[in-house]
Amino acid sequence: MSDDSIALQLQVQEALLQKQALTIKGSGSKNFFGGLIKNNLTPLSVIKHCGVVNYEPKELVITARAGTSLAAIQSLLAEQGQMLAFEPPAFSEQATLGGTIACGLSGPRRPYAGSARDFVLGSKIINGQAEILHFGGEVMKNVAGYDVSRLMVGALGTLGLILEVSLKVLPLPEQEISLTLEYPVNEAIEQMNKWSATPLPISAACYDGANLYIRLSGAAAAVSAGSKRIGGDIIADGKAFWYSVRELRHGFFNSDKFLWRLSLPSDTPYIELPGKQFIDWGGALRWYIANTDDNQDLFSIITRHGGQVSLFRASADNTAKNNYLRHNDAFHPLSTALLDLHKQLKHAFDPQGIFNPGRLYREL
Amino acid sequence: MGILMNRAELSIALKQFLPDSAVISEQEALHPYECDGLPAYKKMPLVAVLPQTIEQLQQVVQLCHQQAVPVVARGAATGLSGGALPLEKGLLLGLSRFNKILNINPLARTARVQPGVRNLAISEAAAKYGLYYAPDPSSQIACTIGGNVAENSGGVHCLKYGLTVHNVLELKVINPQGELLTIGSAALDSAGYDILALMNGSEGMLGIVVEILVKLLPCPERAQVLLAAFDDVEKAADSVGEIIAAGIIPAGLEMMDALAIQAAEDFVHAGYPRDANAILLCEVDGTNEEVSEHSKKIYDLLLSCGATEVRTARDEAERLRFWQGRKSAFPAVGRMSPDYYCMDGTVPRKKLAQVLTRISQLSQYYQLPVANVFHAGDGNLHPLILYDANQPGELKRAEDFGAEILELSVQVGGTITGEHGVGHEKIHQMCVQFSEPELEQFRALKLAFDPHSLLNLGKAIPQPRSCSEYKLIGSCSHNTSGHQHRGHG
């Protein structure tokens, strides 16, 4: 529990004076995510800036410093029967709140409960002029000023250092049941969408190539009525299953090849690609492991379906990934007009370009 | 860029690519465009245009960009903060002719709509698929989805289902240079910065929204509403936290105080207990089983929190009647007084009782009655200050009273606006909520989108130096203009 914000502010001031770009560091659990971290950057560690600043279960809000461990926050919430409803993947016991928000990743509950940014109510940041600024707050509704707090989510620290975040939290569901049914792929995609269009209390839906998995969450009576309507077999350890999906520890992800993340409209039929796919988010997220290193067509195919491609990680061989990232961005290419807007935004927050250069796009 | 165009020159230039009927420049015909839902503030625009295609819109914006003519966009003008107040030297861009629902995809649960489509029309069109659009501002019969995006509108159901920002997937936006951008996508993730989040609630200052893809939700199987009466406002306010603590997120949780109850009863005979000092309306929705379980829990809880009476709507007709009282509360209060001024601060739920007590003290101090009707579940207050603009000094007292309420909201950890926006109205209170470096960051962000400051300039974010000038006057709570505030949302 310590407030390290003044020391962090001094380090940013120093970096501005020295014209020395910084790489923001939490626990390092998501170093693999995004563009290459350049060698010539000065590390700026947020790990000492930690602790829960305010948590009142009745307000449905928690405010914590960026270096606070995600696990600590989750266990504190669980003691009060609450949770982070976007079900963030951690990828490590040490993962921090700041990194979670900066990466903006959400887990299986995302299509039904909302994404990381949906739960952000406020933030305290240090911008590229070493100013400590506060946006949003701890209340549910707040439309005063531009929504800078949500802009920070997924910006990978390129717009500023996140010092503190306020998040909306939700009650843990009274009960959860996970079901599995066998389906061919296109029927599975259609079925996930159809169920999602009914008032069933669905909180996750994925497909592993042979079986469809559905999680129901809510009042006990509602979950049991819903599971009768869906049918299939109950998974004995649903918690472990969804953990493996969220943390990418499911058997599917055991591979040395590139792991691509395809974001698509949920009702997109199965797209034939040379490799295997795991479908999450009720059809809207497709993990893809290619058989081949030639991914030339991938971008155009996915774009044609209204989707976006990002290179998520490469399990074993970092050399190949580093080679790729020297010539490409990890994330889907932006249109010229949008990239231009990104550059302007970057400039508005970080005029000297000292925060995490290249981490989101090589031009930023 | 040339010298600013005058009215005649601008009309002629616009008629090069717009039909004559889409260009309004006669004084008489411009009157309806002078103000929005806050008619206290009025300004005559140079010209108003009503284009019908995206190409025409782009041409309008490109012309304004070339000629440095500022642009204010307008939907149905139901906004309550003067966000669509025209600029005297500016163009008013009416989007009312963009009123088509382009597509509904029942499988993907999305609707693609034009910005001039009314909020309620989306749910009506989606109903046949068992789907609806969740955010439901009180003005939903009239307000447009484009305006909802600009204000990040909420409504009665947003505690459970979120604000506009949570229910919009993609926007097509014309930037101040007249280029068409797609922001967000039908997929759940988009690459790069979350500009979609930024556009919601940006009050028309970052771009002109010309197409919107919204998320649709399955209609709940059942909804049930409970009405609880309290002899004490504080007990009612505290029971709100207890419901949340019990692990239930109601679909709606609304509160009305004695004055609002009387007004609503006189107006629509909703069946509210007239002797109560406060009522809570608590709606739960979901599957049949869930609603039964939660209704029972909440029923017991409200009694244990000191409710003098709890009623469960016996049927759909009674449920709608309970809501009708709430939904018509603003016009009902409007019948009691020549004028009223509607505030919009949000405070942490635990401060509700404290803030309500303080508002009632201020009401005595300023000698103006106040009715409270508000979204208790998310702490969003709508105190309605009753006054008579024809009585010398009353308007000024109402404005000072309102400003104190907003500043009080900030003091207790809340915000000056939960859902109505800053617009023209609350621009000075921005100086109370934000520091100068924070405001400067907002200005830099605005310039990233709009380097020549053409879009809705002067709204939402105070101009440089205006805060210091304002603070020199001594207080943020003194407006000087002599006009009336009348909201109805």
# chains A, B, ... in the order shown; residues from 1 in each chain; ligands from 1

$ residues_around --residues "Leu198 (chain B)" --least-positions-apart "5" --cutoff "7 Å" --atoms "only C-alpha atoms" --output "mmCIF file with C-alpha atoms, in the first residue's frame"
data_model
loop_
_atom_site.group_PDB
_atom_site.id
_atom_site.type_symbol
_atom_site.label_atom_id
_atom_site.label_comp_id
_atom_site.auth_asym_id
_atom_site.auth_seq_id
_atom_site.Cartn_x
_atom_site.Cartn_y
_atom_site.Cartn_z
ATOM 1 C CA TYR A 146 -14.603 14.111 -22.767
ATOM 2 C CA ASP A 147 -14.394 10.478 -21.676
ATOM 3 C CA VAL A 148 -10.620 10.395 -21.313
ATOM 4 C CA LEU A 151 -9.730 6.376 -23.969
#

$ residues_around --residues "region 291-301 of chain A" --least-positions-apart "4" --cutoff "10 Å" --atoms "only C-alpha atoms" --output "PyMOL selection string"
chain A and resi 257-258+260+262+271-276+305-310+320+332-333

$ write_last_selection --atoms "N, CA and C atoms" --output "PDB file, in the first residue's frame"
ATOM      1  N   LYS A 257       3.203 -22.039 -32.742  1.00  0.00           N
ATOM      2  CA  LYS A 257       2.948 -21.123 -33.870  1.00  0.00           C
ATOM      3  C   LYS A 257       2.347 -19.810 -33.368  1.00  0.00           C
ATOM      4  N   PHE A 258       2.227 -18.863 -34.289  1.00  0.00           N
ATOM      5  CA  PHE A 258       1.586 -17.577 -33.954  1.00  0.00           C
ATOM      6  C   PHE A 258       0.143 -17.810 -33.544  1.00  0.00           C
ATOM      7  N   TRP A 260      -3.224 -15.909 -33.549  1.00  0.00           N
ATOM      8  CA  TRP A 260      -3.895 -14.721 -34.109  1.00  0.00           C
ATOM      9  C   TRP A 260      -5.235 -14.541 -33.432  1.00  0.00           C
ATOM     10  N   LEU A 262      -8.840 -12.946 -34.065  1.00  0.00           N
ATOM     11  CA  LEU A 262      -9.723 -12.408 -35.096  1.00  0.00           C
ATOM     12  C   LEU A 262     -10.996 -11.903 -34.434  1.00  0.00           C
ATOM     13  N   ILE A 271     -15.065 -19.185 -41.107  1.00  0.00           N
ATOM     14  CA  ILE A 271     -14.203 -18.805 -42.219  1.00  0.00           C
ATOM     15  C   ILE A 271     -13.115 -19.871 -42.374  1.00  0.00           C
ATOM     16  N   GLU A 272     -13.076 -20.520 -43.538  1.00  0.00           N
ATOM     17  CA  GLU A 272     -12.072 -21.557 -43.796  1.00  0.00           C
ATOM     18  C   GLU A 272     -10.688 -20.925 -43.882  1.00  0.00           C
ATOM     19  N   LEU A 273      -9.792 -21.350 -43.010  1.00  0.00           N
ATOM     20  CA  LEU A 273      -8.418 -20.850 -43.022  1.00  0.00           C
ATOM     21  C   LEU A 273      -7.491 -22.041 -42.813  1.00  0.00           C
ATOM     22  N   PRO A 274      -6.249 -21.950 -43.299  1.00  0.00           N
ATOM     23  CA  PRO A 274      -5.335 -23.087 -43.156  1.00  0.00           C
ATOM     24  C   PRO A 274      -4.797 -23.209 -41.727  1.00  0.00           C
ATOM     25  N   GLY A 275      -5.605 -23.751 -40.841  1.00  0.00           N
ATOM     26  CA  GLY A 275      -5.182 -23.894 -39.442  1.00  0.00           C
ATOM     27  C   GLY A 275      -6.391 -24.217 -38.601  1.00  0.00           C
ATOM     28  N   LYS A 276      -6.232 -24.095 -37.270  1.00  0.00           N
ATOM     29  CA  LYS A 276      -7.376 -24.405 -36.411  1.00  0.00           C
ATOM     30  C   LYS A 276      -7.888 -23.150 -35.705  1.00  0.00           C
ATOM     31  N   HIS A 305     -14.827  -9.681 -44.143  1.00  0.00           N
ATOM     32  CA  HIS A 305     -15.938 -10.115 -43.287  1.00  0.00           C
ATOM     33  C   HIS A 305     -16.262  -9.070 -42.211  1.00  0.00           C
ATOM     34  N   GLY A 306     -15.702  -7.896 -42.342  1.00  0.00           N
ATOM     35  CA  GLY A 306     -15.986  -6.832 -41.362  1.00  0.00           C
ATOM     36  C   GLY A 306     -15.234  -7.011 -40.058  1.00  0.00           C
ATOM     37  N   GLY A 307     -14.136  -7.757 -40.111  1.00  0.00           N
ATOM     38  CA  GLY A 307     -13.407  -8.034 -38.883  1.00  0.00           C
ATOM     39  C   GLY A 307     -12.024  -7.432 -38.854  1.00  0.00           C
ATOM     40  N   GLN A 308     -11.307  -7.728 -37.795  1.00  0.00           N
ATOM     41  CA  GLN A 308      -9.965  -7.210 -37.604  1.00  0.00           C
ATOM     42  C   GLN A 308      -9.056  -8.304 -37.075  1.00  0.00           C
ATOM     43  N   VAL A 309      -7.781  -8.197 -37.453  1.00  0.00           N
ATOM     44  CA  VAL A 309      -6.799  -9.211 -37.094  1.00  0.00           C
ATOM     45  C   VAL A 309      -5.749  -8.600 -36.179  1.00  0.00           C
ATOM     46  N   SER A 310      -5.367  -9.322 -35.117  1.00  0.00           N
ATOM     47  CA  SER A 310      -4.145  -8.914 -34.441  1.00  0.00           C
ATOM     48  C   SER A 310      -3.305 -10.142 -34.120  1.00  0.00           C
ATOM     49  N   ALA A 320      10.825 -15.321 -34.344  1.00  0.00           N
ATOM     50  CA  ALA A 320       9.916 -15.194 -35.484  1.00  0.00           C
ATOM     51  C   ALA A 320       8.962 -14.030 -35.264  1.00  0.00           C
ATOM     52  N   HIS A 332      -4.424  -4.544 -36.151  1.00  0.00           N
ATOM     53  CA  HIS A 332      -4.971  -4.343 -37.486  1.00  0.00           C
ATOM     54  C   HIS A 332      -4.601  -2.959 -38.031  1.00  0.00           C
ATOM     55  N   PRO A 333      -4.177  -2.904 -39.297  1.00  0.00           N
ATOM     56  CA  PRO A 333      -3.797  -1.596 -39.858  1.00  0.00           C
ATOM     57  C   PRO A 333      -4.973  -0.617 -39.838  1.00  0.00           C
TER      58      PRO A 333
END

$ residues_around --residues "Glu59 (chain A)" --least-positions-apart "4" --cutoff "9 Å" --atoms "only C-alpha atoms" --output "ChimeraX atom specification"
/A:55,138-140,168-169 /B:241,244-245,348-350,378

$ select_by_dssp --residues "region 31-165 of chain A" --states "strand (DSSP E or B)" --output "PyMOL selection string"
chain A and resi 42-45+50+52-56+61-65+69+82-83+96+120-126+132-136+161-165

$ atom_distance --atom1 "CA of Ala371 (chain B)" --atom2 "CA of Leu384 (chain B)"
5.1 Å

$ closest_atom_pairs --of "chain B" --to "chain A" --cutoff "6 Å" --atoms "only C-alpha atoms" --output "Markdown table"
| residue | atom | partner | partner_atom | distance |
| --- | --- | --- | --- | --- |
| B:Leu107 | CA | A:Asn193 | CA | 5.8 |
| B:Ala108 | CA | A:Asp267 | CA | 5.4 |
| B:Ala186 | CA | A:Pro265 | CA | 5.2 |
| B:Ala187 | CA | A:Pro265 | CA | 4.1 |
| B:Ala191 | CA | A:His332 | CA | 5.7 |
| B:Tyr193 | CA | A:Ala155 | CA | 5.6 |
| B:Asp194 | CA | A:Leu151 | CA | 5.2 |
| B:Leu198 | CA | A:Asp147 | CA | 5.3 |
| B:Ser202 | CA | A:Tyr146 | CA | 5.8 |
| B:Pro218 | CA | A:Ala197 | CA | 5.2 |
| B:Pro220 | CA | A:Pro199 | CA | 5.5 |
| B:Gly241 | CA | A:Lys58 | CA | 5.2 |
| B:Ile244 | CA | A:Lys58 | CA | 5.8 |
| B:Ala245 | CA | A:Lys58 | CA | 5.1 |
| B:Gly247 | CA | A:Pro171 | CA | 5.0 |
| B:Glu289 | CA | A:Ala222 | CA | 5.1 |
| B:Glu290 | CA | A:Ala222 | CA | 5.2 |
| B:Pro348 | CA | A:Val139 | CA | 5.7 |
| B:Asp378 | CA | A:Met140 | CA | 5.6 |
| B:Thr417 | CA | A:Val143 | CA | 5.8 |
| B:Gly418 | CA | A:Asn142 | CA | 4.3 |
| B:Glu419 | CA | A:Val143 | CA | 5.9 |
| B:Gly421 | CA | A:Val143 | CA | 5.8 |
| B:Glu438 | CA | A:Leu133 | CA | 5.7 |
| B:Ala444 | CA | A:Ala348 | CA | 5.1 |
| B:Leu445 | CA | A:Ala348 | CA | 5.6 |
| B:Ala448 | CA | A:Gln344 | CA | 4.8 |

$ write_last_selection --atoms "C-alpha atoms" --output "PDB file, in the first residue's frame"
ATOM      1  CA  LEU B 107     -29.221 -12.853 -35.319  1.00  0.00           C
ATOM      2  CA  ALA B 108     -26.330 -10.512 -34.509  1.00  0.00           C
ATOM      3  CA  ALA B 186     -19.791  -4.653 -35.836  1.00  0.00           C
ATOM      4  CA  ALA B 187     -17.147  -6.849 -34.231  1.00  0.00           C
ATOM      5  CA  ALA B 191      -7.983  -1.622 -33.418  1.00  0.00           C
ATOM      6  CA  TYR B 193      -7.561   4.004 -29.479  1.00  0.00           C
ATOM      7  CA  ASP B 194     -11.121   3.746 -28.228  1.00  0.00           C
ATOM      8  CA  LEU B 198     -14.636   9.323 -26.865  1.00  0.00           C
ATOM      9  CA  SER B 202     -18.586  14.588 -26.897  1.00  0.00           C
ATOM     10  CA  PRO B 218     -33.390  -9.588 -25.893  1.00  0.00           C
ATOM     11  CA  PRO B 220     -36.766  -9.584 -20.773  1.00  0.00           C
ATOM     12  CA  GLY B 241     -27.764   0.962  -0.983  1.00  0.00           C
ATOM     13  CA  ILE B 244     -27.486  -3.137  -4.131  1.00  0.00           C
ATOM     14  CA  ALA B 245     -25.726  -4.722  -1.140  1.00  0.00           C
ATOM     15  CA  GLY B 247     -26.558  -8.476  -4.752  1.00  0.00           C
ATOM     16  CA  GLU B 289     -37.956 -17.227 -12.145  1.00  0.00           C
ATOM     17  CA  GLU B 290     -35.379 -14.512 -11.534  1.00  0.00           C
ATOM     18  CA  PRO B 348     -22.257   8.702  -4.715  1.00  0.00           C
ATOM     19  CA  ASP B 378     -27.126   5.546  -9.898  1.00  0.00           C
ATOM     20  CA  THR B 417     -23.865  16.384 -15.030  1.00  0.00           C
ATOM     21  CA  GLY B 418     -24.909  12.764 -15.104  1.00  0.00           C
ATOM     22  CA  GLU B 419     -26.729  12.679 -18.408  1.00  0.00           C
ATOM     23  CA  GLY B 421     -24.444  17.282 -20.738  1.00  0.00           C
ATOM     24  CA  GLU B 438      -7.353  19.043 -17.079  1.00  0.00           C
ATOM     25  CA  ALA B 444      -5.807  19.678 -26.823  1.00  0.00           C
ATOM     26  CA  LEU B 445      -8.005  16.634 -27.435  1.00  0.00           C
ATOM     27  CA  ALA B 448      -6.693  16.786 -32.352  1.00  0.00           C
TER      28      ALA B 448
END

$ residues_around --residues "Ile298 (chain B)" --least-positions-apart "3" --cutoff "12 Å" --atoms "only C-alpha atoms" --output "PyMOL selection string"
chain B and resi 224-228+239-250+253+280-284+291-295+301-305+307+310-312

$ decode --residues "region 430-467 of chain B" --atoms "N, CA and C atoms" --output "short mmCIF file (atom, residue, chain, number, x, y, z; two decimals), in the first residue's frame"
data_model
loop_
_atom_site.label_atom_id
_atom_site.label_comp_id
_atom_site.auth_asym_id
_atom_site.auth_seq_id
_atom_site.Cartn_x
_atom_site.Cartn_y
_atom_site.Cartn_z
N MET B 430 -17.84 23.69 -15.05
CA MET B 430 -16.69 22.87 -15.46
C MET B 430 -15.42 23.35 -14.75
N CYS B 431 -15.38 24.64 -14.48
CA CYS B 431 -14.22 25.21 -13.78
C CYS B 431 -14.15 24.72 -12.33
N VAL B 432 -15.29 24.30 -11.80
CA VAL B 432 -15.31 23.80 -10.43
C VAL B 432 -14.87 22.33 -10.42
N GLN B 433 -15.32 21.61 -11.43
CA GLN B 433 -15.04 20.17 -11.43
C GLN B 433 -13.63 19.83 -11.91
N PHE B 434 -13.09 20.65 -12.82
CA PHE B 434 -11.78 20.31 -13.40
C PHE B 434 -10.75 21.40 -13.15
N SER B 435 -9.50 20.97 -13.01
CA SER B 435 -8.40 21.92 -12.85
C SER B 435 -8.05 22.49 -14.23
N GLU B 436 -7.28 23.55 -14.24
CA GLU B 436 -6.90 24.16 -15.52
C GLU B 436 -6.10 23.19 -16.40
N PRO B 437 -5.12 22.43 -15.85
CA PRO B 437 -4.43 21.47 -16.73
C PRO B 437 -5.37 20.40 -17.32
N GLU B 438 -6.38 20.02 -16.55
CA GLU B 438 -7.35 19.04 -17.08
C GLU B 438 -8.16 19.65 -18.22
N LEU B 439 -8.59 20.90 -18.02
CA LEU B 439 -9.34 21.57 -19.09
C LEU B 439 -8.44 21.75 -20.31
N GLU B 440 -7.17 22.03 -20.07
CA GLU B 440 -6.23 22.22 -21.16
C GLU B 440 -6.05 20.91 -21.94
N GLN B 441 -6.09 19.79 -21.22
CA GLN B 441 -6.00 18.49 -21.88
C GLN B 441 -7.23 18.27 -22.78
N PHE B 442 -8.40 18.65 -22.26
CA PHE B 442 -9.63 18.55 -23.08
C PHE B 442 -9.49 19.40 -24.34
N ARG B 443 -8.92 20.60 -24.18
CA ARG B 443 -8.80 21.49 -25.35
C ARG B 443 -7.85 20.88 -26.38
N ALA B 444 -6.77 20.30 -25.89
CA ALA B 444 -5.81 19.68 -26.82
C ALA B 444 -6.47 18.51 -27.56
N LEU B 445 -7.30 17.76 -26.82
CA LEU B 445 -8.00 16.63 -27.44
C LEU B 445 -8.95 17.13 -28.53
N LYS B 446 -9.66 18.21 -28.21
CA LYS B 446 -10.58 18.81 -29.19
C LYS B 446 -9.83 19.21 -30.46
N LEU B 447 -8.66 19.83 -30.27
CA LEU B 447 -7.89 20.28 -31.43
C LEU B 447 -7.36 19.12 -32.26
N ALA B 448 -7.14 17.97 -31.61
CA ALA B 448 -6.69 16.79 -32.35
C ALA B 448 -7.74 16.39 -33.39
N PHE B 449 -9.00 16.57 -33.05
CA PHE B 449 -10.07 16.24 -33.98
C PHE B 449 -10.41 17.42 -34.90
N ASP B 450 -10.35 18.61 -34.32
CA ASP B 450 -10.93 19.79 -34.96
C ASP B 450 -9.95 20.95 -34.84
N PRO B 451 -8.88 20.93 -35.67
CA PRO B 451 -7.80 21.90 -35.49
C PRO B 451 -8.25 23.35 -35.65
N HIS B 452 -9.33 23.59 -36.41
CA HIS B 452 -9.77 24.97 -36.58
C HIS B 452 -10.96 25.31 -35.69
N SER B 453 -11.28 24.41 -34.78
CA SER B 453 -12.37 24.65 -33.81
C SER B 453 -13.67 25.08 -34.48
N LEU B 454 -14.12 24.27 -35.41
CA LEU B 454 -15.35 24.63 -36.13
C LEU B 454 -16.60 24.01 -35.51
N LEU B 455 -16.44 22.89 -34.81
CA LEU B 455 -17.62 22.17 -34.36
C LEU B 455 -18.04 22.55 -32.94
N ASN B 456 -19.23 23.11 -32.85
CA ASN B 456 -19.89 23.43 -31.57
C ASN B 456 -18.97 24.15 -30.58
N LEU B 457 -18.19 25.06 -31.12
CA LEU B 457 -17.23 25.76 -30.26
C LEU B 457 -17.95 26.53 -29.15
N GLY B 458 -17.34 26.52 -27.99
CA GLY B 458 -17.89 27.28 -26.86
C GLY B 458 -18.78 26.45 -25.97
N LYS B 459 -19.10 25.21 -26.40
CA LYS B 459 -19.91 24.33 -25.56
C LYS B 459 -18.98 23.38 -24.80
N ALA B 460 -19.51 22.82 -23.75
CA ALA B 460 -18.91 21.69 -23.01
C ALA B 460 -17.57 21.96 -22.33
N ILE B 461 -16.65 22.59 -23.04
CA ILE B 461 -15.33 22.85 -22.46
C ILE B 461 -15.11 24.36 -22.43
N PRO B 462 -14.87 24.93 -21.25
CA PRO B 462 -14.67 26.38 -21.19
C PRO B 462 -13.45 26.81 -22.00
N GLN B 463 -13.55 27.97 -22.62
CA GLN B 463 -12.44 28.52 -23.40
C GLN B 463 -11.28 28.89 -22.46
N PRO B 464 -10.06 28.93 -23.02
CA PRO B 464 -8.92 29.35 -22.19
C PRO B 464 -9.24 30.71 -21.54
N ARG B 465 -8.81 30.89 -20.36
CA ARG B 465 -8.97 32.13 -19.58
C ARG B 465 -10.37 32.34 -19.05
N SER B 466 -11.38 31.61 -19.59
CA SER B 466 -12.74 31.93 -19.14
C SER B 466 -12.93 31.55 -17.67
N CYS B 467 -12.22 30.51 -17.22
CA CYS B 467 -12.36 30.11 -15.82
C CYS B 467 -11.76 31.17 -14.89
#
